[in-house]
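Enquirer: Enclosed is the structure file start27.cif (mmCIF, C-alpha atoms and all ligand atoms).
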data_data
loop_
_atom_site.label_atom_id
_atom_site.label_comp_id
_atom_site.auth_asym_id
_atom_site.auth_seq_id
_atom_site.Cartn_x
_atom_site.Cartn_y
_atom_site.Cartn_z
CA MET G 1 -5.04 -21.33 -23.11
CA PRO G 2 -5.92 -17.63 -23.08
CA SER G 3 -3.24 -15.11 -22.29
CA VAL G 4 -3.56 -13.42 -18.92
CA LEU G 5 -3.93 -9.71 -18.54
CA ILE G 6 -2.05 -8.30 -15.58
CA ALA G 7 -2.03 -4.75 -14.34
CA PRO G 8 -0.54 -3.03 -11.31
CA TYR G 9 -2.97 -1.86 -8.64
CA ILE G 10 -2.50 1.84 -9.34
CA THR G 11 -2.99 1.57 -13.11
CA ALA G 12 -6.15 3.17 -14.49
CA TRP G 13 -8.56 1.02 -16.49
CA SER G 14 -10.33 2.12 -19.64
CA ALA G 15 -13.67 2.49 -17.86
CA GLU G 16 -12.11 4.82 -15.29
CA GLN G 17 -12.36 8.03 -17.27
CA ASP G 18 -12.44 11.51 -15.78
CA LEU G 19 -15.83 12.53 -14.40
CA PRO G 20 -17.42 15.63 -15.95
CA CYS G 21 -16.78 17.90 -12.95
CA VAL G 22 -17.11 21.63 -13.59
CA LEU G 23 -14.33 23.74 -12.09
CA VAL G 24 -15.26 27.06 -10.51
CA GLU G 25 -13.64 29.79 -8.43
CA TRP G 26 -14.37 29.69 -4.71
CA PRO G 27 -13.75 33.00 -2.91
CA ASP G 28 -10.74 32.60 -0.59
CA ARG G 29 -10.48 28.89 -1.37
CA GLY G 30 -9.01 28.77 -4.82
CA ILE G 31 -10.57 26.33 -7.24
CA GLY G 32 -13.41 23.92 -6.53
CA TYR G 33 -16.12 21.86 -8.15
CA ALA G 34 -19.52 23.36 -8.87
CA ASN G 35 -21.18 20.42 -7.10
CA GLU G 36 -18.45 19.63 -4.66
CA LEU G 37 -18.50 16.77 -2.17
CA LEU G 38 -16.44 16.50 0.99
CA SER G 39 -14.65 13.54 -0.53
CA ASP G 40 -13.41 15.66 -3.43
CA ARG G 41 -10.70 17.13 -1.18
CA ASP G 42 -8.01 15.52 0.92
CA ARG G 43 -7.39 16.26 4.59
CA HIS G 44 -5.33 19.29 3.63
CA GLY G 45 -8.21 20.74 1.64
CA VAL G 46 -6.63 20.15 -1.76
CA LEU G 47 -8.97 19.35 -4.63
CA TRP G 48 -8.46 15.99 -6.38
CA GLN G 49 -9.07 14.87 -9.92
CA GLN G 50 -12.15 12.65 -9.98
CA THR G 51 -12.41 9.59 -12.17
CA ALA G 52 -15.03 6.88 -12.36
CA LEU G 53 -14.47 4.03 -9.91
CA ARG G 54 -14.54 1.05 -12.25
CA HIS G 55 -11.50 -0.95 -11.28
CA ARG G 56 -10.79 -3.89 -13.59
CA VAL G 57 -13.50 -2.88 -16.06
CA GLY G 58 -12.32 -2.75 -19.67
CA TRP G 59 -8.59 -2.92 -20.12
CA PRO G 60 -5.68 -1.34 -18.23
CA GLU G 61 -4.30 1.89 -19.63
CA PHE G 62 -0.68 1.68 -18.66
CA THR G 63 0.12 5.28 -19.37
CA ARG G 64 -2.38 6.41 -16.73
CA VAL G 65 -2.43 6.07 -12.97
CA ARG G 66 -5.79 6.26 -11.20
CA PRO G 67 -5.33 9.18 -8.81
CA LEU G 68 -7.34 7.87 -5.89
CA ARG G 69 -5.72 4.42 -5.91
CA GLN G 70 -2.28 6.03 -6.06
CA ARG G 71 -3.28 8.26 -3.14
CA ARG G 72 -4.66 5.32 -1.18
CA ALA G 73 -1.52 3.28 -1.78
CA MET G 74 0.66 6.20 -0.70
CA GLU G 75 -1.40 7.08 2.37
CA LEU G 76 -1.69 3.50 3.60
CA LEU G 77 1.75 2.39 2.38
CA LEU G 78 0.33 -0.27 0.11
CA CYS G 79 2.23 -2.06 -2.62
CA GLN G 80 1.73 -0.23 -5.92
CA VAL G 81 1.66 -3.54 -7.79
CA CYS G 82 -0.72 -5.77 -5.83
CA GLY G 83 -2.36 -3.35 -3.39
CA GLY G 84 -1.39 -5.39 -0.33
CA PRO G 85 0.73 -4.08 2.54
CA ALA G 86 4.18 -2.92 1.48
CA ASP G 87 7.17 -4.73 2.89
CA ARG G 88 8.78 -3.24 5.99
CA ASN G 89 11.43 -4.18 8.53
CA ASP G 90 13.56 -2.40 11.12
CA ASP G 91 15.17 -0.33 8.34
CA GLY G 92 11.84 0.97 7.13
CA VAL G 93 9.42 0.53 4.23
CA LEU G 94 10.57 -0.96 0.93
CA TRP G 95 10.65 1.17 -2.25
CA LEU G 96 11.70 0.05 -5.73
CA GLN G 97 13.02 2.91 -7.83
CA ARG G 98 14.74 3.43 -11.12
CA ASP G 99 18.46 3.83 -10.58
CA HIS G 100 19.24 7.54 -10.56
CA ARG G 101 22.22 7.46 -8.23
CA ASP G 102 24.03 9.85 -10.57
CA ASP G 103 21.46 12.57 -9.92
CA TRP G 104 22.92 13.79 -6.65
CA PRO G 105 25.08 12.52 -3.77
CA GLN G 106 23.20 10.30 -1.32
CA TRP G 107 20.35 9.80 -3.82
CA PRO G 108 17.52 9.00 -3.12
CA GLU G 109 17.84 10.83 0.20
CA GLY G 110 15.39 13.73 0.08
CA MET G 111 13.67 12.46 -3.04
CA ALA G 112 10.07 13.42 -3.74
CA SER G 113 8.43 10.17 -4.79
CA MET G 114 5.08 9.62 -6.48
CA GLU G 115 5.77 5.91 -6.58
CA PRO G 116 4.10 4.01 -3.75
CA PRO G 117 6.22 1.35 -2.03
CA VAL G 118 6.23 -2.34 -2.92
CA CYS G 119 5.95 -5.67 -1.20
CA LEU G 120 8.67 -8.28 -1.36
CA THR G 121 6.56 -10.61 -3.46
CA CYS G 122 6.06 -8.07 -6.24
CA VAL G 123 9.70 -7.02 -6.60
CA PRO G 124 10.65 -9.87 -8.97
CA VAL G 125 7.45 -9.40 -10.96
CA ALA G 126 8.15 -5.73 -11.52
CA MET G 127 11.78 -6.47 -12.31
CA GLN G 128 10.86 -9.10 -14.86
CA MET G 129 8.15 -7.16 -16.61
CA CYS G 130 9.28 -3.56 -16.56
CA PRO G 131 11.95 -2.82 -19.18
CA VAL G 132 12.86 0.46 -17.49
CA LEU G 133 13.55 -1.28 -14.19
CA ARG G 134 15.51 -3.97 -15.98
CA ARG G 135 17.90 -1.28 -17.20
CA GLY G 136 18.66 -0.35 -13.63
CA ALA G 137 16.74 -0.39 -10.38
CA VAL G 138 17.46 0.22 -6.75
CA LEU G 139 15.74 -1.24 -3.73
CA VAL G 140 15.63 1.08 -0.76
CA HIS G 141 14.36 0.76 2.78
CA VAL G 142 13.07 4.13 3.95
CA ARG G 143 12.72 5.10 7.60
CA GLU G 144 11.03 8.48 7.13
CA TYR G 145 8.43 8.99 4.41
CA GLN G 146 6.51 12.10 5.29
CA ILE G 147 3.61 13.11 3.07
CA ALA G 148 4.87 16.30 1.53
CA GLY G 149 2.52 17.45 -1.17
CA VAL G 150 0.85 16.61 -4.42
CA ARG G 151 1.48 16.53 -8.11
CA GLY G 152 -1.19 18.17 -10.19
CA ALA G 153 -2.27 20.84 -12.62
CA LEU G 154 -2.15 24.47 -11.54
CA TYR G 155 -5.14 26.59 -12.59
CA ARG G 156 -5.30 30.34 -13.00
CA ARG G 157 -8.31 32.63 -13.12
CA SER G 158 -9.89 32.95 -16.50
CA VAL G 159 -12.95 34.65 -17.95
CA LEU G 160 -15.25 31.66 -18.10
CA ALA G 161 -13.65 29.08 -15.84
CA PRO G 162 -10.26 28.33 -14.28
CA SER G 163 -7.77 27.21 -16.89
CA ALA G 164 -4.81 24.85 -16.43
CA ILE G 165 -1.44 26.45 -17.05
CA VAL G 166 1.24 24.09 -15.78
CA ALA G 167 1.72 20.70 -14.14
CA GLY G 168 4.07 20.38 -11.22
CA ASN G 169 4.78 19.28 -7.68
CA PHE G 170 3.42 21.41 -4.87
CA THR G 171 4.04 21.21 -1.15
CA TYR G 172 1.04 21.47 1.14
CA ASP G 173 2.40 24.67 2.66
CA ASP G 174 2.57 26.36 -0.74
CA PRO G 175 -0.33 28.86 -1.06
CA ALA G 176 -0.60 27.92 -4.73
CA VAL G 177 -1.77 24.43 -3.79
CA ARG G 178 -5.28 25.88 -3.37
CA ARG G 179 -5.33 26.34 -7.13
CA VAL G 180 -4.10 22.83 -7.93
CA LEU G 181 -6.14 19.88 -9.15
CA ALA G 182 -4.18 17.01 -7.63
CA SER G 183 -3.51 13.73 -9.39
CA ALA G 184 -0.85 12.10 -7.18
CA LEU G 185 0.32 12.17 -3.59
CA ILE G 186 4.01 12.75 -2.90
CA ARG G 187 6.12 11.46 -0.05
CA GLU G 188 9.57 12.70 0.78
CA LEU G 189 12.01 9.82 1.32
CA ARG G 190 14.56 10.18 4.14
CA GLY G 191 16.68 7.74 6.10
CA CYS G 192 17.25 5.60 3.02
CA THR G 193 19.20 2.34 3.11
CA THR G 194 19.97 0.63 -0.16
CA VAL G 195 19.19 -3.08 -0.20
CA SER G 196 21.04 -5.43 -2.51
CA PHE G 197 18.93 -7.77 -4.59
CA GLU G 198 21.06 -10.64 -3.30
CA GLU G 199 20.18 -9.67 0.24
CA LEU G 200 16.51 -9.51 -0.62
CA HIS G 201 16.76 -12.81 -2.43
CA ALA G 202 18.12 -14.41 0.70
CA VAL G 203 15.18 -13.09 2.69
CA GLY G 204 12.47 -14.16 0.32
CA LYS G 205 14.00 -16.73 -1.97
CA GLU G 206 10.84 -18.72 -2.32
CA ARG G 207 8.95 -15.63 -3.46
CA PHE G 208 11.12 -15.08 -6.52
CA SER G 209 8.98 -17.14 -8.82
CA PRO G 210 7.67 -15.77 -12.10
CA VAL G 211 4.36 -13.89 -12.16
CA THR G 212 2.61 -15.39 -9.18
CA THR G 213 1.45 -12.27 -7.42
CA ARG G 214 -1.35 -12.47 -4.93
CA GLY G 215 -3.53 -9.50 -5.71
CA MET G 216 -2.75 -8.02 -9.09
CA SER G 217 -5.65 -7.23 -11.35
CA ARG G 218 -6.01 -9.81 -14.03
CA SER G 219 -8.56 -11.00 -16.52
CA ASP G 220 -8.65 -13.29 -19.52
CA SER G 221 -7.90 -11.51 -22.74
CA SER G 222 -10.65 -13.58 -24.30
CA ASN G 223 -13.14 -11.67 -22.14
CA SER G 224 -11.71 -8.22 -22.64
CA GLY G 225 -10.84 -8.49 -26.29
CA ALA G 226 -7.37 -7.37 -25.36
CA SER G 227 -5.29 -9.98 -27.06
CA GLY G 228 -1.63 -9.70 -26.34
CA ARG G 229 -1.97 -7.13 -23.59
CA LEU G 230 0.29 -9.09 -21.30
CA ILE G 231 3.05 -8.18 -23.72
CA SER G 232 1.72 -4.65 -23.77
CA TRP G 233 2.01 -4.50 -20.02
CA MET G 234 5.56 -5.76 -20.18
CA ILE G 235 6.43 -2.96 -22.54
CA ARG G 236 4.46 -0.14 -21.00
CA TYR G 237 4.43 -0.80 -17.28
CA SER G 238 7.46 1.45 -17.19
CA CYS G 239 5.28 4.49 -17.71
CA THR G 240 4.60 4.96 -14.04
CA HIS G 241 8.32 4.93 -13.41
CA ARG G 242 9.00 7.47 -16.12
CA SER G 243 6.60 9.86 -14.48
CA ASN G 244 8.40 9.77 -11.18
CA PRO G 245 9.45 13.24 -10.04
CA ARG G 246 12.96 12.56 -8.91
CA SER G 247 13.66 16.03 -7.71
CA SER G 248 14.13 16.83 -4.09
CA LEU G 249 11.35 18.85 -2.52
CA ASN G 250 13.22 22.11 -2.51
CA ARG G 251 13.15 21.93 -6.29
CA MET G 252 9.38 21.87 -6.42
CA THR G 253 7.69 24.23 -8.78
CA ASN G 254 7.83 27.90 -7.97
CA VAL G 255 4.57 29.06 -9.45
CA THR G 256 4.10 32.61 -8.27
CA SER G 257 4.73 34.02 -11.69
CA PHE G 258 2.13 31.75 -13.25
CA LEU G 259 -0.62 33.03 -11.00
CA SER G 260 -0.50 36.65 -12.02
CA PRO G 261 -3.61 37.47 -14.01
ZN ZN X 301 2.83 -6.44 -3.95
#
Please render this file's structure as structure tokens.
Ligand SMILES: [Zn+2]
Expert:
Amino acid sequence: MPSVLIAPYITAWSAEQDLPCVLVEWPDRGIGYANELLSDRDRHGVLWQQTALRHRVGWPEFTRVRPLRQRRAMELLLCQVCGGPADRNDDGVLWLQRDHRDDWPQWPEGMASMEPPVCLTCVPVAMQMCPVLRRGAVLVHVREYQIAGVRGALYRRSVLAPSAIVAGNFTYDDPAVRRVLASALIRELRGCTTVSFEELHAVGKERFSPVTTRGMSRSDSSNSGASGRLISWMIRYSCTHRSNPRSSLNRMTNVTSFLSP
């Protein structure tokens, strides 16, 4: 029986490489693409990193998140694991986060999260397969989850073409965001209520069965030539959690000094 390859919805696949878009300076608009399309920017006018749309082609690259699927999951409040609707109740939308309650009082209140929410079904899957989450995770219902900004690379003017100088989190009202190539959407989490796993278990006991998610990307390793990548996923799925910017929004990057020519 072939092993099964499983990847979270937001994970980039090997065929989803960056497109060869040429960055240029646009007068009064910051950076842009030489052959820019309307879809290259979000509703706030921020430019987004463009990668090929080849979901489930090749093998999942667990250290990379596909920017536009992350953005879609964040905008539509989809589960980052299966891509279906995230769980919600009267206390808000469900998020699964690494446990950083020592970071500041009332954590994760005010947290800037790049992690999309999750559905109830996928909580046990993520908990079983992600070693980082197994070391400590917190389930939180969130009442307010305003879109606050993006994570991306900041570009400065250069002789030939804009050049990247620093990666960071940028609010949409930051003038520097016009010089950012975005790779992830950020929501600010407020009105957080911690949920115990026992409580969740009582709600969805029948869903806590091993690896039976409804919409996760999967393929036979015999087809992809990716023998053993289920184990790889178990080891490396944590990467998206490591990249989570846990800072509150008022700690977002102050970049004024970087922009001086
Ligand atoms: Zn799910």
Enquirer: Which of these residues is nearest to Asn89 of chain G, using only C-alpha atoms: G:Thr193, G:Glu198, G:Ile147, G:Val65?
Expert: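 Using only C-alpha atoms, the shortest distance to Asn89 of chain G belongs to G:Thr193.
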Enquirer: Residues within 9 Å of ligand ZN 301 (chain X), counting all atoms listed in the file: report them as a list in words.
Expert: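 Checked against 9 Å with all atoms listed in the file; the hits are Pro8, Tyr9, Leu78, Cys79, Gln80, Val81, Cys82, Gly83, Gly84, Pro85, Ala86, Asp87, Pro117, Val118, Cys119, Leu120, Thr121, Cys122, Val123, Val125, Thr213, Arg214, Gly215 and Met216 of chain G.
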Enquirer: Can you tell me how far atom CA of Tyr172 of chain G sits from atom CA of Pro108 of chain G, in Å to one decimal?
Expert: 21.1 Å
Enquirer: Could you check how far atom CA of Val180 of chain G sits from atom CA of Thr63 of chain G, in Å to one decimal?
Expert: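 Atom CA of Thr63 of chain G lies 21.4 Å from atom CA of Val180 of chain G.
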Enquirer: Rounded to one decimal place, report the atom CA of Pro67 of chain G-atom CA of Val159 of chain G distance in Å.
Expert: 28.1 Å
Enquirer: Excluding segment 174-178 of chain G and its own-chain neighbours fewer than 5 positions away, which residues fall within 7 Å of it when counting all atoms listed in the file? Please give them as a VMD selection string.
Expert: chain G and resid 29 to 31 46
Enquirer: For a cutoff of 9 Å around the file-coordinate point (15.6, -1.4, 8.9), which residues qualify once you count all atoms listed in the file? I'd like the result as a ChimeraX atom specification.
Expert: /G:88-93,141-143,193
Enquirer: Smallest atom-to-atom distance to Val24 of chain G: which of G:Leu189, G:Leu47, G:Leu139, G:Ala12, using all atoms listed in the file?
Expert: G:Leu47
Enquirer: Nearest to Arg134 of chain G among G:Val150, G:Leu96, G:Val57, G:Ala34, with distances taken over only C-alpha atoms: which residue is it?
Expert: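 Of the candidates, the smallest distance to Arg134 of chain G is held by G:Leu96.
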Enquirer: When you look at Ala153 of chain G with a cut-off of 7 Å (counting all atoms listed in the file), what residues show up, excluding the ones that are within fewer than 5 positions of it in the same chain? I need them as a list in words.
Expert: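 So the residues in contact are Ala164, Val166, Ala167, Gly168, Val180, Leu181 and Ala182 of chain G.
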Enquirer: Keeping only C-alpha atoms, take the residues you just selected and write them out as a PDB file, in the frame of the given file.
Expert:
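Output file part-v1.pdb is given in full below:
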ATOM      1  CA  ALA G 164      -4.810  24.850 -16.430  1.00  0.00           C
ATOM      2  CA  VAL G 166       1.240  24.090 -15.780  1.00  0.00           C
ATOM      3  CA  ALA G 167       1.720  20.700 -14.140  1.00  0.00           C
ATOM      4  CA  GLY G 168       4.070  20.380 -11.220  1.00  0.00           C
ATOM      5  CA  VAL G 180      -4.100  22.830  -7.930  1.00  0.00           C
ATOM      6  CA  LEU G 181      -6.140  19.880  -9.150  1.00  0.00           C
ATOM      7  CA  ALA G 182      -4.180  17.010  -7.630  1.00  0.00           C
TER       8      ALA G 182
END
Enquirer: Compile the contact shell of Leu133 of chain G as a list in words: residues with an atom at most 8 Å away, counting only C-alpha atoms, same-chain residues fewer than 6 positions apart removed.
Expert: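 Surrounding residues, per the criterion: Gln97, Arg98, Asp99, Ala126, Met127 and Ser238 of chain G.
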Enquirer: Taking all atoms of segment 102-119 of chain G that appear in the file, build a box with edges along x, y and z, extend it by 5 Å on every side, and state its centre and edge lengths in Å to one decimal, as AutoDock Vina command-line options.
Expert:
--center_x 14.6 --center_y 4.1 --center_z -5.2 --size_x 31.0 --size_y 29.5 --size_z 20.8
Enquirer: Give the answer as one residue: which of G:Asp173, G:Glu115, G:Asp42, G:Glu36 has the shortest atom-to-atom distance to Leu77 of chain G, using only C-alpha atoms?
Expert: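 Checking each candidate against Leu77 of chain G, we get G:Glu115 as the closest.
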Enquirer: Find, counting only C-alpha atoms, the residue in G:Trp13, G:Tyr145, G:Trp26, G:Trp59 that gets nearest to Gly191 of chain G.
Expert: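 Comparing G:Trp13, G:Tyr145, G:Trp26, G:Trp59 against Gly191 of chain G, the winner is G:Tyr145.
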Enquirer: Smallest atom-to-atom distance to His100 of chain G: which of G:Leu160, G:Val132, G:Leu19, G:Ile10, using only C-alpha atoms?
Expert: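 Of the candidates, the smallest distance to His100 of chain G is held by G:Val132.
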Enquirer: Taking 3 positions as the minimum chain separation for residues in the same chain, which residues sit within 12 Å of Leu37 of chain G when counting only C-alpha atoms? Answer as a list in words.
Expert: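 Skipping anything fewer than 3 positions along the chain leaves Cys21, Gly32, Tyr33, Ala34, Asp40, Arg41, Asp42, Gly45, Leu47, Trp48 and Gln50 of chain G.
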Enquirer: As a list of chain:residue names, please: the residues near Glu109 of chain G (cut-off 9 Å, all atoms listed in the file, same-chain neighbours under 4 positions excluded).
Expert: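 These residues fall inside the cut-off: G:Pro105, G:Glu188, G:Leu189, G:Arg190, G:Gly191, G:Cys192, G:Ser248.
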